Amino acid sequence: MSDSNKELMQRIRELMEQQQPYLDSKLKLTDVATMLSTNRNAISSCINSQQGCSFSQFVNEYRVAYAQELMRRLPDMKIVEVWMQSGFSTETSFFRSFKAVTGMTPSEWKSATTD
């Protein structure tokens, strides 16, 4: 893998962790490209080659991690609040992504972590 791809991946990660653009449910590939002063193809191929997944899968992993953090910190928060605050546009996409990332539904995960 090329150093430029490694470097770009690091910049993408830093952007995600520091500015949390994934909390915007309307986040697009072009938005990330604009934030990093590059083009959408560079971002897309970098994520594909470095992470082995699509842009939306990559973003959803951050959203799921954020949702897990919310559920850990605020166990009484309603699931609808969790997915809305985590940047998902629909409950369906939240449940699908959560299960894809963790192998469990949000309620299964929640009870597994609180036992």
# chains A, B, ... in the order shown; residues from 1 in each chain; ligands from 1

$ select_by_dssp --residues "chain A" --states "alpha helix (DSSP H)" --output "MDAnalysis selection string"
chainID A and resid 3:19 29:35 40:51 55:73 79:85 91:102 106:114

$ write_last_selection --atoms "C-alpha atoms" --output "PDB file, in the first residue's frame"
ATOM      1  CA  ASP A   3       2.428   5.976   1.774  1.00  0.00           C
ATOM      2  CA  SER A   4       0.063   8.590   0.354  1.00  0.00           C
ATOM      3  CA  ASN A   5      -2.890   6.272   1.050  1.00  0.00           C
ATOM      4  CA  LYS A   6      -1.642   5.638   4.588  1.00  0.00           C
ATOM      5  CA  GLU A   7      -1.241   9.359   5.122  1.00  0.00           C
ATOM      6  CA  LEU A   8      -4.699  10.130   3.710  1.00  0.00           C
ATOM      7  CA  MET A   9      -6.251   7.391   5.883  1.00  0.00           C
ATOM      8  CA  GLN A  10      -4.635   8.972   8.926  1.00  0.00           C
ATOM      9  CA  ARG A  11      -6.068  12.364   7.934  1.00  0.00           C
ATOM     10  CA  ILE A  12      -9.531  10.821   7.440  1.00  0.00           C
ATOM     11  CA  ARG A  13      -9.352   9.176  10.890  1.00  0.00           C
ATOM     12  CA  GLU A  14      -8.192  12.392  12.560  1.00  0.00           C
ATOM     13  CA  LEU A  15     -11.041  14.305  10.935  1.00  0.00           C
ATOM     14  CA  MET A  16     -13.556  11.692  12.113  1.00  0.00           C
ATOM     15  CA  GLU A  17     -12.220  11.608  15.658  1.00  0.00           C
ATOM     16  CA  GLN A  18     -11.657  15.321  16.165  1.00  0.00           C
ATOM     17  CA  GLN A  19     -14.527  16.938  14.264  1.00  0.00           C
ATOM     18  CA  LEU A  29     -18.183  11.446   0.509  1.00  0.00           C
ATOM     19  CA  THR A  30     -17.833  14.856  -1.157  1.00  0.00           C
ATOM     20  CA  ASP A  31     -18.147  16.570   2.260  1.00  0.00           C
ATOM     21  CA  VAL A  32     -15.182  14.632   3.639  1.00  0.00           C
ATOM     22  CA  ALA A  33     -13.222  15.261   0.436  1.00  0.00           C
ATOM     23  CA  THR A  34     -13.905  19.010   0.761  1.00  0.00           C
ATOM     24  CA  MET A  35     -12.878  19.030   4.440  1.00  0.00           C
ATOM     25  CA  ARG A  40     -14.141  12.014  -3.503  1.00  0.00           C
ATOM     26  CA  ASN A  41     -12.390   9.300  -5.560  1.00  0.00           C
ATOM     27  CA  ALA A  42      -9.237   9.643  -3.466  1.00  0.00           C
ATOM     28  CA  ILE A  43     -11.250   9.297  -0.242  1.00  0.00           C
ATOM     29  CA  SER A  44     -13.317   6.382  -1.558  1.00  0.00           C
ATOM     30  CA  SER A  45     -10.405   4.350  -2.926  1.00  0.00           C
ATOM     31  CA  CYS A  46      -8.338   5.066   0.179  1.00  0.00           C
ATOM     32  CA  ILE A  47     -11.062   3.752   2.512  1.00  0.00           C
ATOM     33  CA  ASN A  48     -11.662   0.762   0.225  1.00  0.00           C
ATOM     34  CA  SER A  49      -7.989  -0.197   0.095  1.00  0.00           C
ATOM     35  CA  GLN A  50      -7.056   0.659   3.689  1.00  0.00           C
ATOM     36  CA  GLN A  51     -10.200  -0.511   5.488  1.00  0.00           C
ATOM     37  CA  PHE A  55     -17.394   4.906   2.722  1.00  0.00           C
ATOM     38  CA  SER A  56     -20.842   4.385   4.248  1.00  0.00           C
ATOM     39  CA  GLN A  57     -19.710   1.263   6.145  1.00  0.00           C
ATOM     40  CA  PHE A  58     -16.691   3.183   7.426  1.00  0.00           C
ATOM     41  CA  VAL A  59     -18.822   6.121   8.602  1.00  0.00           C
ATOM     42  CA  ASN A  60     -21.375   3.777  10.172  1.00  0.00           C
ATOM     43  CA  GLU A  61     -18.638   2.125  12.254  1.00  0.00           C
ATOM     44  CA  TYR A  62     -17.952   5.521  13.821  1.00  0.00           C
ATOM     45  CA  ARG A  63     -21.677   6.089  14.337  1.00  0.00           C
ATOM     46  CA  VAL A  64     -22.121   2.698  16.011  1.00  0.00           C
ATOM     47  CA  ALA A  65     -19.135   3.331  18.302  1.00  0.00           C
ATOM     48  CA  TYR A  66     -20.666   6.689  19.224  1.00  0.00           C
ATOM     49  CA  ALA A  67     -24.048   5.045  19.875  1.00  0.00           C
ATOM     50  CA  GLN A  68     -22.348   2.450  22.105  1.00  0.00           C
ATOM     51  CA  GLU A  69     -20.665   5.236  24.035  1.00  0.00           C
ATOM     52  CA  LEU A  70     -24.004   7.038  24.496  1.00  0.00           C
ATOM     53  CA  MET A  71     -25.673   3.845  25.727  1.00  0.00           C
ATOM     54  CA  ARG A  72     -22.778   3.183  28.088  1.00  0.00           C
ATOM     55  CA  ARG A  73     -22.804   6.709  29.537  1.00  0.00           C
ATOM     56  CA  ILE A  79     -33.011   4.086  21.457  1.00  0.00           C
ATOM     57  CA  VAL A  80     -34.645   6.680  19.183  1.00  0.00           C
ATOM     58  CA  GLU A  81     -32.529   9.369  20.861  1.00  0.00           C
ATOM     59  CA  VAL A  82     -29.411   7.241  20.527  1.00  0.00           C
ATOM     60  CA  TRP A  83     -29.704   6.676  16.790  1.00  0.00           C
ATOM     61  CA  MET A  84     -30.682  10.261  16.058  1.00  0.00           C
ATOM     62  CA  GLN A  85     -27.762  11.676  18.055  1.00  0.00           C
ATOM     63  CA  GLU A  91     -33.941   3.612  12.755  1.00  0.00           C
ATOM     64  CA  THR A  92     -33.642   0.829  10.174  1.00  0.00           C
ATOM     65  CA  SER A  93     -30.174   1.900   9.083  1.00  0.00           C
ATOM     66  CA  PHE A  94     -29.156   2.202  12.741  1.00  0.00           C
ATOM     67  CA  PHE A  95     -30.299  -1.348  13.588  1.00  0.00           C
ATOM     68  CA  ARG A  96     -28.790  -2.802  10.397  1.00  0.00           C
ATOM     69  CA  SER A  97     -25.436  -1.063  10.922  1.00  0.00           C
ATOM     70  CA  PHE A  98     -25.323  -1.803  14.640  1.00  0.00           C
ATOM     71  CA  LYS A  99     -25.868  -5.508  14.033  1.00  0.00           C
ATOM     72  CA  ALA A 100     -23.344  -5.544  11.165  1.00  0.00           C
ATOM     73  CA  VAL A 101     -20.666  -3.954  13.359  1.00  0.00           C
ATOM     74  CA  THR A 102     -21.333  -5.659  16.713  1.00  0.00           C
ATOM     75  CA  PRO A 106     -28.672  -2.515  20.306  1.00  0.00           C
ATOM     76  CA  SER A 107     -30.782  -4.012  23.104  1.00  0.00           C
ATOM     77  CA  GLU A 108     -28.791  -7.274  23.067  1.00  0.00           C
ATOM     78  CA  TRP A 109     -25.568  -5.279  23.207  1.00  0.00           C
ATOM     79  CA  LYS A 110     -26.911  -3.099  26.001  1.00  0.00           C
ATOM     80  CA  SER A 111     -27.926  -6.033  28.177  1.00  0.00           C
ATOM     81  CA  ALA A 112     -24.630  -7.825  27.449  1.00  0.00           C
ATOM     82  CA  THR A 113     -22.625  -4.784  28.593  1.00  0.00           C
ATOM     83  CA  THR A 114     -24.692  -3.999  31.680  1.00  0.00           C
TER      84      THR A 114
END

$ atom_distance --atom1 "CA of Tyr22 in chain A" --atom2 "CA of Ser86 in chain A"
7.8 Å

$ decode --residues "range 27-115 of chain A" --atoms "C-alpha atoms" --output "tab-separated table (two decimals), in the first residue's frame"
chain	number	residue	atom	x	y	z
A	27	LEU	CA	-22.63	13.42	5.54
A	28	LYS	CA	-21.43	12.57	2.04
A	29	LEU	CA	-18.18	11.45	0.51
A	30	THR	CA	-17.83	14.86	-1.16
A	31	ASP	CA	-18.15	16.57	2.26
A	32	VAL	CA	-15.18	14.63	3.64
A	33	ALA	CA	-13.22	15.26	0.44
A	34	THR	CA	-13.90	19.01	0.76
A	35	MET	CA	-12.88	19.03	4.44
A	36	LEU	CA	-9.59	17.35	3.51
A	37	SER	CA	-9.02	19.36	0.31
A	38	THR	CA	-9.00	16.35	-1.95
A	39	ASN	CA	-11.48	14.61	-4.25
A	40	ARG	CA	-14.14	12.01	-3.50
A	41	ASN	CA	-12.39	9.30	-5.56
A	42	ALA	CA	-9.24	9.64	-3.47
A	43	ILE	CA	-11.25	9.30	-0.24
A	44	SER	CA	-13.32	6.38	-1.56
A	45	SER	CA	-10.40	4.35	-2.93
A	46	CYS	CA	-8.34	5.07	0.18
A	47	ILE	CA	-11.06	3.75	2.51
A	48	ASN	CA	-11.66	0.76	0.23
A	49	SER	CA	-7.99	-0.20	0.10
A	50	GLN	CA	-7.06	0.66	3.69
A	51	GLN	CA	-10.20	-0.51	5.49
A	52	GLY	CA	-11.66	-3.02	3.04
A	53	CYS	CA	-15.11	-1.42	3.20
A	54	SER	CA	-17.22	1.28	1.59
A	55	PHE	CA	-17.39	4.91	2.72
A	56	SER	CA	-20.84	4.38	4.25
A	57	GLN	CA	-19.71	1.26	6.15
A	58	PHE	CA	-16.69	3.18	7.43
A	59	VAL	CA	-18.82	6.12	8.60
A	60	ASN	CA	-21.38	3.78	10.17
A	61	GLU	CA	-18.64	2.13	12.25
A	62	TYR	CA	-17.95	5.52	13.82
A	63	ARG	CA	-21.68	6.09	14.34
A	64	VAL	CA	-22.12	2.70	16.01
A	65	ALA	CA	-19.14	3.33	18.30
A	66	TYR	CA	-20.67	6.69	19.22
A	67	ALA	CA	-24.05	5.05	19.87
A	68	GLN	CA	-22.35	2.45	22.10
A	69	GLU	CA	-20.66	5.24	24.04
A	70	LEU	CA	-24.00	7.04	24.50
A	71	MET	CA	-25.67	3.85	25.73
A	72	ARG	CA	-22.78	3.18	28.09
A	73	ARG	CA	-22.80	6.71	29.54
A	74	LEU	CA	-26.57	7.28	29.47
A	75	PRO	CA	-28.22	3.87	29.96
A	76	ASP	CA	-31.69	5.41	30.31
A	77	MET	CA	-31.55	7.20	26.95
A	78	LYS	CA	-34.22	5.95	24.55
A	79	ILE	CA	-33.01	4.09	21.46
A	80	VAL	CA	-34.65	6.68	19.18
A	81	GLU	CA	-32.53	9.37	20.86
A	82	VAL	CA	-29.41	7.24	20.53
A	83	TRP	CA	-29.70	6.68	16.79
A	84	MET	CA	-30.68	10.26	16.06
A	85	GLN	CA	-27.76	11.68	18.05
A	86	SER	CA	-25.34	9.18	16.49
A	87	GLY	CA	-25.89	10.48	12.95
A	88	PHE	CA	-28.16	7.78	11.53
A	89	SER	CA	-30.93	8.98	9.24
A	90	THR	CA	-33.34	6.13	10.03
A	91	GLU	CA	-33.94	3.61	12.76
A	92	THR	CA	-33.64	0.83	10.17
A	93	SER	CA	-30.17	1.90	9.08
A	94	PHE	CA	-29.16	2.20	12.74
A	95	PHE	CA	-30.30	-1.35	13.59
A	96	ARG	CA	-28.79	-2.80	10.40
A	97	SER	CA	-25.44	-1.06	10.92
A	98	PHE	CA	-25.32	-1.80	14.64
A	99	LYS	CA	-25.87	-5.51	14.03
A	100	ALA	CA	-23.34	-5.54	11.16
A	101	VAL	CA	-20.67	-3.95	13.36
A	102	THR	CA	-21.33	-5.66	16.71
A	103	GLY	CA	-23.15	-8.87	15.73
A	104	MET	CA	-25.97	-7.90	18.12
A	105	THR	CA	-29.01	-5.67	18.18
A	106	PRO	CA	-28.67	-2.51	20.31
A	107	SER	CA	-30.78	-4.01	23.10
A	108	GLU	CA	-28.79	-7.27	23.07
A	109	TRP	CA	-25.57	-5.28	23.21
A	110	LYS	CA	-26.91	-3.10	26.00
A	111	SER	CA	-27.93	-6.03	28.18
A	112	ALA	CA	-24.63	-7.83	27.45
A	113	THR	CA	-22.63	-4.78	28.59
A	114	THR	CA	-24.69	-4.00	31.68
A	115	ASP	CA	-24.75	-7.51	33.17
